Amino acid sequence: MTGKTAIVTGAARGIGLATTKLFLEEGRRVAMIDRDAEALQAAASDLADVLPVICDVSSPDQVDDMAKQVEAAFGRVDALINNAGVADFGPMEQTDFQRWRTVMATNLDGVFLCSQRLIPALKKTRGAIVNIASISGLRASTLRIAYGTSKAAVIHLTQQQAAELGEFGVRANCVAPGPVNTKLALAVHSPEIRAAYHDAIPLNRYGSEQEIAEAIVFLSSDKASYVSGQLLCVDGGFQSTGIGLPALRS
Ligand SMILES: NC(=O)c1ccc[n+]([C@@H]2O[C@H](COP(=O)([O-])OP(=O)(O)OC[C@H]3O[C@@H](n4cnc5c(N)ncnc54)[C@H](O)[C@@H]3O)[C@@H](O)[C@H]2O)c1
């Protein structure tokens with residue numbers, strides 16, 4: 001045991017669950033946060049040293065209650081991983097205000113609310129925040145008016161956090177995953193999108209949850225003690241590549 005702790009939102013499955021398991025391997029206690037009570041209990045049931053807390057990160061009251069539970073149980077917060085996210089792909093004209101707000105509420109408000117509530121605890125440990133954005137926050141593409149915009153905002157929010165919290169020794173960084181075969185991606189990645197990713201990613205494949213988790217755990221750790229305000233794309237080379245890749249391959 002390192003004595004250190006981490007809070008992972010959206011921990012019931014996918015990237016959040018993989019990150020939880022990696023933190024546990026490193027000896028941290030982990031507060032697993034999710035609004036899906038059933039999935040959260042199932043995921044936490046065979047893990048030791050975890051504290052499952054049912055919480056919708058878009059609700060200020062629930063976030064406050066979650067933070068109180070974690071602080072009472074663990075006594076310290078060394079890392080906050082703002083990973084909970086939702087995806088809803090649709091054309092601009094069909095993205096009504098409710099759909100827009102639903103995406104923003106979790107993807108952007110949730111990151112703001114959890115971080116703000118936990119700043120006092122993170123200052124005490126000189127801890128770290130890692131926000132999970134997406135390559136969709138860096139490159140515009142069709143159908144992602146709400147999702148892409150929410151993730152672009154998360155990238156900038158990270159820089160604001162790094163600028164303001166640095167003097168307290170708190171680091172803030174962002175991970176932008178490429179496509180990963182989670183429930184979220186399976187719901188919105190059509191066969192056409194999957195084929196396009198295959199062509200546009202130099203490594204020619206989707207990433208795994210574990211590959212994203214490795215970057216998150218690194219940025220949370222002392223090995224990244226002088227890294228703050230950064231965006232790390234874990235995307236098989238997608239972000240760094242311009243036009244011509246599919247043509248070269250064919
Ligand atoms: N899978 C991908 O291809 C991909 C690519 C880029 C970025 N991401 C980002 O990675 C993060 C994790 O995604 P994933 O693919 O593991 O998704 P997932 O759907 O498998 O898991 C997301 C988890 O977050 C929880 N959640 C959603 N809204 C919540 C809320 N308001 N409060 C609390 N919990 C909530 C869900 O219940 C679920 O357990 C997301 O922020 C997503 O946008 C994923």
# chains A, B, ... in the order shown; residues from 1 in each chain; ligands from 1
$ residues_around --residues "Arg139 (chain A)" --least-positions-apart "4" --cutoff "12 Å" --atoms "only C-alpha atoms" --output "ChimeraX atom specification"
/A:133-135,144-145,147-149,151-152,176,178,233,238-242
$ closest_atom_pairs --of "chain A" --to "ligand 1" --cutoff "8 Å" --atoms "only C-alpha atoms and all ligand atoms" --output "Markdown table"
| residue | atom | partner | partner_atom_place_in_ligand_line | distance |
| --- | --- | --- | --- | --- |
| A:Thr9 | CA | ligand 1 | 34 (N) | 6.0 |
| A:Gly10 | CA | ligand 1 | 24 (O) | 3.3 |
| A:Ala11 | CA | ligand 1 | 39 (O) | 5.7 |
| A:Ala12 | CA | ligand 1 | 39 (O) | 4.3 |
| A:Arg13 | CA | ligand 1 | 39 (O) | 4.8 |
| A:Gly14 | CA | ligand 1 | 16 (O) | 3.5 |
| A:Ile15 | CA | ligand 1 | 16 (O) | 3.8 |
| A:Gly16 | CA | ligand 1 | 16 (O) | 5.7 |
| A:Leu17 | CA | ligand 1 | 16 (O) | 7.6 |
| A:Ile33 | CA | ligand 1 | 33 (C) | 6.3 |
| A:Asp34 | CA | ligand 1 | 34 (N) | 3.8 |
| A:Arg35 | CA | ligand 1 | 33 (C) | 4.2 |
| A:Asp36 | CA | ligand 1 | 37 (O) | 4.7 |
| A:Ala39 | CA | ligand 1 | 39 (O) | 7.0 |
| A:Leu40 | CA | ligand 1 | 39 (O) | 7.3 |
| A:Ile54 | CA | ligand 1 | 33 (C) | 7.6 |
| A:Cys55 | CA | ligand 1 | 33 (C) | 5.5 |
| A:Asp56 | CA | ligand 1 | 32 (N) | 3.5 |
| A:Val57 | CA | ligand 1 | 32 (N) | 4.1 |
| A:Ser58 | CA | ligand 1 | 31 (N) | 5.1 |
| A:Ser59 | CA | ligand 1 | 31 (N) | 7.8 |
| A:Asn82 | CA | ligand 1 | 41 (O) | 7.5 |
| A:Asn83 | CA | ligand 1 | 41 (O) | 4.6 |
| A:Ala84 | CA | ligand 1 | 24 (O) | 3.9 |
| A:Gly85 | CA | ligand 1 | 41 (O) | 3.5 |
| A:Val86 | CA | ligand 1 | 27 (C) | 5.3 |
| A:Ala87 | CA | ligand 1 | 43 (O) | 6.3 |
| A:Ala105 | CA | ligand 1 | 31 (N) | 7.1 |
| A:Thr106 | CA | ligand 1 | 31 (N) | 4.4 |
| A:Asn107 | CA | ligand 1 | 41 (O) | 6.4 |
| A:Gly110 | CA | ligand 1 | 31 (N) | 6.7 |
| A:Ile132 | CA | ligand 1 | 41 (O) | 5.3 |
| A:Ala133 | CA | ligand 1 | 7 (C) | 5.6 |
| A:Ser134 | CA | ligand 1 | 6 (C) | 4.0 |
| A:Ile135 | CA | ligand 1 | 6 (C) | 6.2 |
| A:Ser136 | CA | ligand 1 | 6 (C) | 7.1 |
| A:Tyr147 | CA | ligand 1 | 43 (O) | 7.8 |
| A:Lys151 | CA | ligand 1 | 43 (O) | 7.6 |
| A:Ala176 | CA | ligand 1 | 7 (C) | 6.2 |
| A:Pro177 | CA | ligand 1 | 6 (C) | 4.3 |
| A:Gly178 | CA | ligand 1 | 5 (C) | 5.0 |
| A:Pro179 | CA | ligand 1 | 3 (O) | 3.4 |
| A:Val180 | CA | ligand 1 | 3 (O) | 3.8 |
| A:Asn181 | CA | ligand 1 | 1 (N) | 5.7 |
| A:Thr182 | CA | ligand 1 | 15 (O) | 4.6 |
| A:Lys183 | CA | ligand 1 | 20 (O) | 4.4 |
| A:Leu184 | CA | ligand 1 | 19 (O) | 3.8 |
| A:Ala185 | CA | ligand 1 | 1 (N) | 4.6 |
| A:Leu186 | CA | ligand 1 | 1 (N) | 7.9 |
| A:Tyr206 | CA | ligand 1 | 3 (O) | 7.9 |
| A:Glu209 | CA | ligand 1 | 16 (O) | 7.2 |
$ residues_around --residues "Tyr226 (chain A)" --least-positions-apart "3" --cutoff "10 Å" --atoms "only C-alpha atoms" --output "number ranges by chain"
A: 169, 171, 219, 222-223
$ atom_distance --atom1 "CA of Ser141 (chain A)" --atom2 "CA of Gln94 (chain A)"
15.6 Å
$ atom_distance --atom1 "CA of Ala128 (chain A)" --atom2 "CA of Val170 (chain A)"
5.5 Å
$ select_by_dssp --residues "region 4-152 of chain A" --states "strand (DSSP E or B)" --output "NGL selection string"
:A and (5-9 or 29-34 or 50-54 or 79-82 or 90 or 128-132 or 144)
$ closest_atom_pairs --of "region 61-84 of chain A" --to "region 120-126 of chain A" --cutoff "9 Å" --atoms "only C-alpha atoms" --output "CSV"
residue,atom,partner,partner_atom,distance
A:Glu71,CA,A:Ala121,CA,8.0
A:Gly75,CA,A:Ala121,CA,8.9
A:Arg76,CA,A:Ala121,CA,6.5
A:Val77,CA,A:Ala121,CA,5.8
A:Asp78,CA,A:Thr125,CA,5.8
A:Ala79,CA,A:Leu122,CA,7.3
A:Leu80,CA,A:Leu122,CA,8.2
$ write_last_selection --atoms "all heavy atoms" --output "tab-separated table (two decimals), in the first residue's frame"
chain	number	residue	atom	x	y	z
A	71	GLU	N	-13.87	11.68	1.56
A	71	GLU	CA	-12.99	12.30	2.56
A	71	GLU	C	-13.11	11.58	3.91
A	71	GLU	O	-12.11	11.36	4.60
A	71	GLU	CB	-13.32	13.79	2.68
A	71	GLU	CG	-12.78	14.59	1.49
A	71	GLU	CD	-13.39	15.99	1.33
A	71	GLU	OE1	-14.40	16.29	2.00
A	71	GLU	OE2	-12.86	16.76	0.53
A	75	GLY	N	-9.75	9.97	4.09
A	75	GLY	CA	-8.97	11.00	4.81
A	75	GLY	C	-8.04	11.80	3.94
A	75	GLY	O	-7.43	12.77	4.40
A	76	ARG	N	-7.86	11.41	2.69
A	76	ARG	CA	-6.99	12.16	1.79
A	76	ARG	C	-7.36	11.85	0.34
A	76	ARG	O	-7.88	10.77	0.04
A	76	ARG	CB	-5.53	11.83	2.03
A	76	ARG	CG	-5.18	10.35	1.86
A	76	ARG	CD	-3.72	10.09	2.15
A	76	ARG	NE	-2.86	10.70	1.16
A	76	ARG	CZ	-1.61	11.08	1.41
A	76	ARG	NH1	-1.09	10.92	2.61
A	76	ARG	NH2	-0.87	11.62	0.45
A	77	VAL	N	-7.10	12.82	-0.53
A	77	VAL	CA	-7.35	12.64	-1.97
A	77	VAL	C	-6.07	13.05	-2.71
A	77	VAL	O	-5.68	14.21	-2.69
A	77	VAL	CB	-8.53	13.51	-2.47
A	77	VAL	CG1	-8.74	13.32	-3.97
A	77	VAL	CG2	-9.80	13.17	-1.70
A	78	ASP	N	-5.43	12.08	-3.35
A	78	ASP	CA	-4.17	12.36	-4.05
A	78	ASP	C	-4.35	12.56	-5.55
A	78	ASP	O	-3.51	13.18	-6.18
A	78	ASP	CB	-3.18	11.20	-3.81
A	78	ASP	CG	-2.83	11.06	-2.34
A	78	ASP	OD1	-1.90	11.75	-1.89
A	78	ASP	OD2	-3.54	10.31	-1.63
A	79	ALA	N	-5.42	11.99	-6.10
A	79	ALA	CA	-5.65	12.16	-7.54
A	79	ALA	C	-7.14	12.15	-7.82
A	79	ALA	O	-7.90	11.40	-7.20
A	79	ALA	CB	-4.96	11.05	-8.33
A	80	LEU	N	-7.53	13.02	-8.73
A	80	LEU	CA	-8.92	13.04	-9.20
A	80	LEU	C	-8.90	12.79	-10.70
A	80	LEU	O	-8.30	13.56	-11.45
A	80	LEU	CB	-9.56	14.41	-8.91
A	80	LEU	CG	-10.91	14.66	-9.61
A	80	LEU	CD1	-11.98	13.69	-9.11
A	80	LEU	CD2	-11.35	16.11	-9.43
$ atom_distance --atom1 "CA of Arg205 (chain A)" --atom2 "CA of Leu143 (chain A)"
21.5 Å
$ select_by_dssp --residues "region 20-246 of chain A" --states "alpha helix (DSSP H)" --output "PyMOL selection string"
chain A and resi 20-25+37-44+60-74+97-104+110-125+145-165+183-188+191-200+209-220+245-246
$ write_last_selection --atoms "C-alpha atoms" --output "CSV table (one decimal), in the first residue's frame"
chain,number,residue,atom,x,y,z
A,20,THR,CA,-9.3,1.8,-11.2
A,21,LYS,CA,-7.6,-1.6,-11.6
A,22,LEU,CA,-4.2,-0.1,-12.5
A,23,PHE,CA,-4.3,2.3,-9.5
A,24,LEU,CA,-5.1,-0.7,-7.3
A,25,GLU,CA,-2.1,-2.6,-8.7
A,37,ALA,CA,-25.6,1.8,-9.4
A,38,GLU,CA,-26.0,-1.7,-10.6
A,39,ALA,CA,-22.9,-1.7,-12.9
A,40,LEU,CA,-20.9,0.0,-10.1
A,41,GLN,CA,-21.8,-2.6,-7.5
A,42,ALA,CA,-21.0,-5.4,-9.9
A,43,ALA,CA,-17.6,-3.8,-10.9
A,44,ALA,CA,-16.6,-3.1,-7.3
A,60,PRO,CA,-23.7,19.8,-7.4
A,61,ASP,CA,-25.4,18.2,-4.4
A,62,GLN,CA,-24.5,14.7,-5.3
A,63,VAL,CA,-20.9,15.7,-6.0
A,64,ASP,CA,-20.7,17.4,-2.6
A,65,ASP,CA,-22.1,14.3,-0.9
A,66,MET,CA,-19.7,12.1,-2.8
A,67,ALA,CA,-16.7,14.2,-1.7
A,68,LYS,CA,-17.8,14.0,1.9
A,69,GLN,CA,-18.1,10.2,1.7
A,70,VAL,CA,-14.6,9.9,0.1
A,71,GLU,CA,-13.0,12.3,2.6
A,72,ALA,CA,-14.6,10.5,5.5
A,73,ALA,CA,-13.5,7.1,4.3
A,74,PHE,CA,-10.0,7.8,3.0
A,97,PHE,CA,-31.0,22.1,-26.6
A,98,GLN,CA,-31.8,19.1,-24.3
A,99,ARG,CA,-29.4,16.8,-26.2
A,100,TRP,CA,-26.8,19.6,-26.1
A,101,ARG,CA,-27.3,20.1,-22.3
A,102,THR,CA,-27.2,16.4,-21.6
A,103,VAL,CA,-23.7,16.1,-23.1
A,104,MET,CA,-22.4,19.3,-21.5
A,110,GLY,CA,-19.1,17.3,-14.2
A,111,VAL,CA,-15.4,18.0,-14.6
A,112,PHE,CA,-15.9,21.5,-13.3
A,113,LEU,CA,-18.0,20.5,-10.3
A,114,CYS,CA,-15.8,17.5,-9.1
A,115,SER,CA,-12.6,19.5,-9.5
A,116,GLN,CA,-13.9,22.5,-7.7
A,117,ARG,CA,-15.3,20.5,-4.8
A,118,LEU,CA,-12.1,18.6,-4.3
A,119,ILE,CA,-9.5,21.4,-4.7
A,120,PRO,CA,-9.1,21.9,-0.9
A,121,ALA,CA,-8.4,18.1,-0.5
A,122,LEU,CA,-6.0,18.1,-3.4
A,123,LYS,CA,-4.1,21.2,-2.1
A,124,LYS,CA,-3.5,19.3,1.1
A,125,THR,CA,-1.7,16.4,-0.7
A,145,ILE,CA,-21.3,19.4,-32.4
A,146,ALA,CA,-22.0,18.7,-28.7
A,147,TYR,CA,-19.5,16.0,-27.9
A,148,GLY,CA,-16.6,17.6,-29.7
A,149,THR,CA,-17.3,21.0,-28.2
A,150,SER,CA,-17.6,19.6,-24.7
A,151,LYS,CA,-14.2,17.9,-25.1
A,152,ALA,CA,-12.5,21.0,-26.5
A,153,ALA,CA,-13.8,22.8,-23.4
A,154,VAL,CA,-12.3,20.1,-21.2
A,155,ILE,CA,-8.9,20.6,-22.8
A,156,HIS,CA,-9.0,24.4,-22.1
A,157,LEU,CA,-10.5,23.8,-18.6
A,158,THR,CA,-7.5,21.7,-17.8
A,159,GLN,CA,-5.1,24.6,-18.7
A,160,GLN,CA,-7.1,26.9,-16.5
A,161,GLN,CA,-6.8,24.5,-13.6
A,162,ALA,CA,-3.1,24.1,-14.2
A,163,ALA,CA,-2.6,27.8,-14.3
A,164,GLU,CA,-4.5,28.5,-11.1
A,165,LEU,CA,-3.5,25.5,-9.0
A,183,LYS,CA,-19.9,0.6,-24.5
A,184,LEU,CA,-19.7,4.4,-25.3
A,185,ALA,CA,-18.0,3.9,-28.6
A,186,LEU,CA,-20.0,0.8,-29.6
A,187,ALA,CA,-23.2,3.0,-29.2
A,188,VAL,CA,-22.0,5.8,-31.6
A,191,PRO,CA,-19.3,0.8,-39.5
A,192,GLU,CA,-18.4,3.9,-41.6
A,193,ILE,CA,-16.8,5.6,-38.6
A,194,ARG,CA,-14.9,2.5,-37.7
A,195,ALA,CA,-13.6,2.2,-41.2
A,196,ALA,CA,-12.6,5.9,-41.3
A,197,TYR,CA,-10.7,5.5,-38.0
A,198,HIS,CA,-8.9,2.4,-39.3
A,199,ASP,CA,-7.7,4.5,-42.3
A,200,ALA,CA,-6.8,7.7,-40.4
A,209,GLU,CA,-8.8,0.6,-22.1
A,210,GLN,CA,-5.6,-0.5,-20.5
A,211,GLU,CA,-3.5,1.7,-22.9
A,212,ILE,CA,-5.5,4.8,-21.9
A,213,ALA,CA,-5.3,3.9,-18.2
A,214,GLU,CA,-1.5,3.7,-18.4
A,215,ALA,CA,-1.3,7.3,-19.5
A,216,ILE,CA,-3.8,8.4,-16.8
A,217,VAL,CA,-1.9,6.6,-14.0
A,218,PHE,CA,1.4,8.1,-15.3
A,219,LEU,CA,0.1,11.6,-15.3
A,220,SER,CA,-1.3,11.1,-11.7
A,245,LEU,CA,-2.3,8.4,-45.1
A,246,PRO,CA,-5.1,6.3,-46.7
